[in-house]
Every structure is written in C-alpha cells, then in structure tokens.
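Student: For reference, this is work-v8.tsv, and it has TSV, C-alpha atoms.
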chain	number	residue	atom	x	y	z
A	23	MET	CA	-12.86	18.73	22.66
A	24	LYS	CA	-9.17	19.01	23.32
A	25	GLY	CA	-6.32	16.60	23.42
A	26	PRO	CA	-5.14	13.82	21.16
A	27	ARG	CA	-7.34	11.15	22.75
A	28	ALA	CA	-10.55	12.86	21.75
A	29	TRP	CA	-9.20	13.47	18.27
A	30	ILE	CA	-8.12	9.84	17.85
A	31	THR	CA	-11.42	8.54	19.19
A	32	LEU	CA	-13.34	10.75	16.82
A	33	LEU	CA	-11.16	9.70	13.88
A	34	ALA	CA	-11.50	6.00	14.71
A	35	GLY	CA	-15.24	6.36	15.20
A	36	THR	CA	-15.66	8.27	11.95
A	37	SER	CA	-13.64	5.66	10.05
A	38	PHE	CA	-15.67	2.85	11.56
A	39	LEU	CA	-18.99	4.52	10.80
A	40	ALA	CA	-17.93	5.26	7.22
A	41	GLY	CA	-16.96	1.61	6.74
A	42	LEU	CA	-20.18	0.42	8.30
A	43	ALA	CA	-22.24	2.74	6.10
A	44	ALA	CA	-20.41	1.53	3.00
A	45	GLY	CA	-21.00	-2.09	4.00
A	46	LEU	CA	-24.68	-1.50	4.58
A	47	LEU	CA	-25.00	0.31	1.27
A	48	ILE	CA	-23.32	-2.53	-0.60
A	49	ALA	CA	-25.53	-5.08	1.18
A	50	ALA	CA	-28.63	-3.07	0.27
A	51	LEU	CA	-27.56	-2.85	-3.36
A	52	ARG	CA	-26.96	-6.59	-3.48
A	53	ALA	CA	-30.36	-7.26	-1.91
A	54	GLU	CA	-32.01	-5.27	-4.69
A	55	GLU	CA	-30.37	-7.49	-7.31
A	56	PRO	CA	-32.19	-10.83	-7.06
A	57	GLY	CA	-30.26	-12.25	-10.02
A	58	ALA	CA	-26.84	-11.36	-8.64
A	59	GLU	CA	-24.53	-14.36	-8.62
A	60	GLY	CA	-22.76	-13.60	-5.33
A	61	ASP	CA	-20.07	-15.60	-3.57
A	62	PHE	CA	-22.00	-18.86	-3.76
A	63	SER	CA	-22.54	-18.91	-7.53
A	64	GLY	CA	-20.32	-21.96	-8.05
A	65	TYR	CA	-21.97	-23.78	-5.17
A	66	ARG	CA	-25.41	-22.89	-6.50
A	67	GLN	CA	-24.58	-24.10	-9.98
A	68	ARG	CA	-23.15	-27.36	-8.63
A	69	LEU	CA	-26.30	-28.06	-6.59
A	70	VAL	CA	-28.55	-27.23	-9.53
A	71	THR	CA	-26.61	-29.56	-11.80
A	72	GLN	CA	-25.98	-32.42	-9.36
A	73	PHE	CA	-29.55	-32.57	-8.05
A	74	GLU	CA	-31.17	-31.61	-11.36
A	75	LEU	CA	-33.18	-28.82	-9.76
A	76	ASP	CA	-36.02	-27.40	-11.80
A	77	THR	CA	-36.22	-23.64	-12.46
A	78	GLU	CA	-38.42	-22.93	-9.45
A	79	ARG	CA	-36.12	-24.76	-7.03
A	80	ALA	CA	-33.02	-23.22	-8.60
A	81	GLU	CA	-34.48	-19.74	-8.10
A	82	LEU	CA	-35.42	-20.59	-4.51
A	83	LEU	CA	-31.86	-21.81	-3.90
A	84	GLY	CA	-30.58	-18.50	-5.30
A	85	VAL	CA	-32.76	-16.51	-2.90
A	86	VAL	CA	-31.67	-18.66	0.05
A	87	LEU	CA	-27.99	-18.21	-0.80
A	88	VAL	CA	-28.36	-14.43	-1.24
A	89	ASN	CA	-29.99	-14.23	2.20
A	90	TYR	CA	-27.20	-16.40	3.62
A	91	GLU	CA	-24.58	-14.01	2.20
A	92	GLN	CA	-26.40	-11.04	3.71
A	93	ASP	CA	-26.56	-12.72	7.12
A	94	LEU	CA	-22.86	-13.54	6.92
A	95	ALA	CA	-22.11	-9.88	6.13
A	96	ARG	CA	-24.28	-8.76	9.06
A	97	VAL	CA	-22.44	-11.07	11.48
A	98	ARG	CA	-19.10	-9.90	10.06
A	99	ASP	CA	-20.13	-6.25	10.58
A	100	GLN	CA	-21.23	-6.96	14.16
A	101	GLN	CA	-17.94	-8.66	14.93
A	102	THR	CA	-16.04	-5.75	13.41
A	103	ALA	CA	-17.98	-3.35	15.64
A	104	LYS	CA	-17.15	-5.42	18.73
A	105	SER	CA	-13.53	-5.61	17.66
A	106	MET	CA	-13.37	-1.82	17.27
A	107	GLU	CA	-14.70	-1.40	20.81
A	108	THR	CA	-12.01	-3.66	22.22
A	109	MET	CA	-9.31	-1.94	20.14
A	110	GLU	CA	-10.28	1.59	21.16
A	111	PRO	CA	-7.95	1.86	24.20
A	112	GLU	CA	-5.00	0.60	22.17
A	113	LEU	CA	-5.86	2.92	19.26
A	114	LEU	CA	-6.06	5.87	21.65
A	115	GLU	CA	-2.67	5.03	23.11
A	116	LEU	CA	-1.09	4.61	19.66
A	117	GLY	CA	-2.59	7.83	18.37
A	118	SER	CA	-1.43	9.74	21.41
A	119	ARG	CA	2.08	8.33	21.12
A	120	TYR	CA	2.41	9.18	17.43
A	121	TRP	CA	0.82	12.61	17.84
A	122	SER	CA	3.41	13.33	20.54
A	123	LEU	CA	6.24	12.02	18.36
A	124	ILE	CA	5.17	14.23	15.48
A	125	ARG	CA	4.74	17.23	17.73
A	126	GLU	CA	7.97	16.78	19.70
A	127	ARG	CA	10.31	15.26	17.11
A	128	VAL	CA	9.10	16.40	13.70
A	129	ILE	CA	7.56	19.84	14.19
A	130	PRO	CA	10.18	22.51	14.93
A	131	PRO	CA	9.85	23.95	18.45
A	132	THR	CA	8.99	27.37	17.05
A	133	SER	CA	6.00	25.90	15.15
A	134	ARG	CA	4.48	23.71	17.87
A	135	SER	CA	1.81	26.22	18.87
A	136	GLU	CA	0.82	26.47	15.21
A	137	PHE	CA	0.72	22.65	15.06
A	138	ASP	CA	-1.54	22.60	18.13
A	139	ARG	CA	-3.93	25.03	16.43
A	140	PHE	CA	-3.79	22.94	13.25
A	141	ALA	CA	-4.64	19.79	15.20
A	142	GLU	CA	-7.50	21.51	17.01
A	143	GLN	CA	-8.93	22.87	13.74
A	144	ASN	CA	-8.82	19.40	12.20
A	145	LEU	CA	-10.58	18.01	15.24
A	146	VAL	CA	-13.34	20.59	14.80
A	147	MET	CA	-13.60	19.75	11.08
A	148	LEU	CA	-13.84	16.01	11.86
A	149	THR	CA	-16.52	16.73	14.46
A	150	MET	CA	-18.53	18.78	11.99
A	151	GLU	CA	-18.23	16.09	9.30
A	152	GLY	CA	-19.41	13.45	11.77
A	153	GLU	CA	-22.49	15.54	12.60
A	154	GLY	CA	-23.28	16.44	8.98
Reformat the file's structure so that it appears as structure tokens.
Tutor:
Amino acid sequence: MKGPRAWITLLAGTSFLAGLAAGLLIAALRAEEPGAEGDFSGYRQRLVTQFELDTERAELLGVVLVNYEQDLARVRDQQTAKSMETMEPELLELGSRYWSLIRERVIPPTSRSEFDRFAEQNLVMLTMEGEG
C-alpha cells in the first residue's frame, strides 16, 4: 500500500478498532461484576429507599440497571462506528494535507526520499500490527 490515503485510513481504522476493543473489554469486565455500582448507583439507591424495595427487588433493579448501562454503551459504540465511517473522507483529506505539509515544508528537500521511506516503513509496521 502506497500513498498517504492508505496510511491515514489504516491509522484511523487501527485507532477505531483499538478503541472498540477497549470498550468491549471494559463492558465485559463490568458484566462480570454483578455488584458493581455503575452510573446509576444514585438512581438505584433512591428507588430502593423511596419505594422501600426488599432485597430481592433491589438486586433485580441492580441487574436491570447494569444491563441498561451495557445497552447504552453498545448503542454508543455503534454510533461511534457510524460516525467514523462518515468522517473517513474528511480524515483522509486532513491526513493527506498534513502529510504533504510535513513533507514539503518541514522535511529538508535533501531528506524527502528518506522521509518517504520512513513513511512507507511505518505503514508496513501499522499493517503488520493490525494483522497481528
């Protein structure tokens, strides 16, 4: 793969997948912790107190709220994925513009071929990390 567009796409895709994997891992860890308070702990406590819920109903409420949090996270992750898809053309354009600025304005003319090799090597490394 050559060119800044492929490199930027790969970098954006790798970043997205790493974030998605981290989100899924955190959600899985939270799911394994049935006693975890979560974001709705104050709401849960208020319902338990106000409606004088017995232990069984309080535990059921906790399970329901944990599942609700997980569903909210899933929807948030799906929306992030859709957002990344719609941002991809703009990200490619930005990456290409800044890569060109760095190459043409920052890197000395005598070192540009070295910079091109450097960029290509990093693209290969990113590709290998994405596959591994």
Student: To one decimal place, how far is atom CA of Ser63 of chain A from atom CA of Ala44 of chain A in Å?
Tutor: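 About the pair atom CA of Ser63 of chain A and atom CA of Ala44 of chain A: they are 23.1 Å apart.
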Student: Atom CA of Leu75 of chain A to atom CA of Ala49 of chain A: how many Å, to one decimal?
Tutor: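 Spanning atom CA of Leu75 of chain A to atom CA of Ala49 of chain A is a straight-line distance of 27.2 Å.
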Student: Tell me which of A:Tyr65, A:Asp138, A:Gln100, A:Phe38 sits closest to Ala80 of chain A, counting all atoms listed in the file.
Tutor: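 Of A:Tyr65, A:Asp138, A:Gln100, A:Phe38, the one nearest Ala80 of chain A is A:Tyr65, counting all atoms listed in the file.
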Student: Skip Ala34 of chain A itself and residues of its chain fewer than 2 positions away, then list as a count of residues only all residues within 10 Å of it, counting only C-alpha atoms.
Tutor: 16
Student: Which residue out of A:Leu69, A:Val97, A:Val85, A:Leu116 has the minimum interatomic distance to Gly45 of chain A when all atoms listed in the file are used?
Tutor: A:Val97
Student: Just the number, please: distance in Å from atom CA of Arg119 of chain A to atom CA of Gln101 of chain A, one decimal.
Tutor: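 Atom CA of Gln101 of chain A lies 27.0 Å from atom CA of Arg119 of chain A.
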Student: Using only C-alpha atoms, which of the listed residues (A:Glu142, A:Glu91, A:Asp99, A:Glu136) sits closest to Phe62 of chain A?
Tutor: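 Between A:Glu142, A:Glu91, A:Asp99, A:Glu136, the residue approaching Phe62 of chain A most closely is A:Glu91.
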Student: Nearest to Trp121 of chain A: which of A:Pro26, A:Thr108, A:Gln72, A:Thr102 is it, counting all atoms listed in the file?
Tutor: A:Pro26
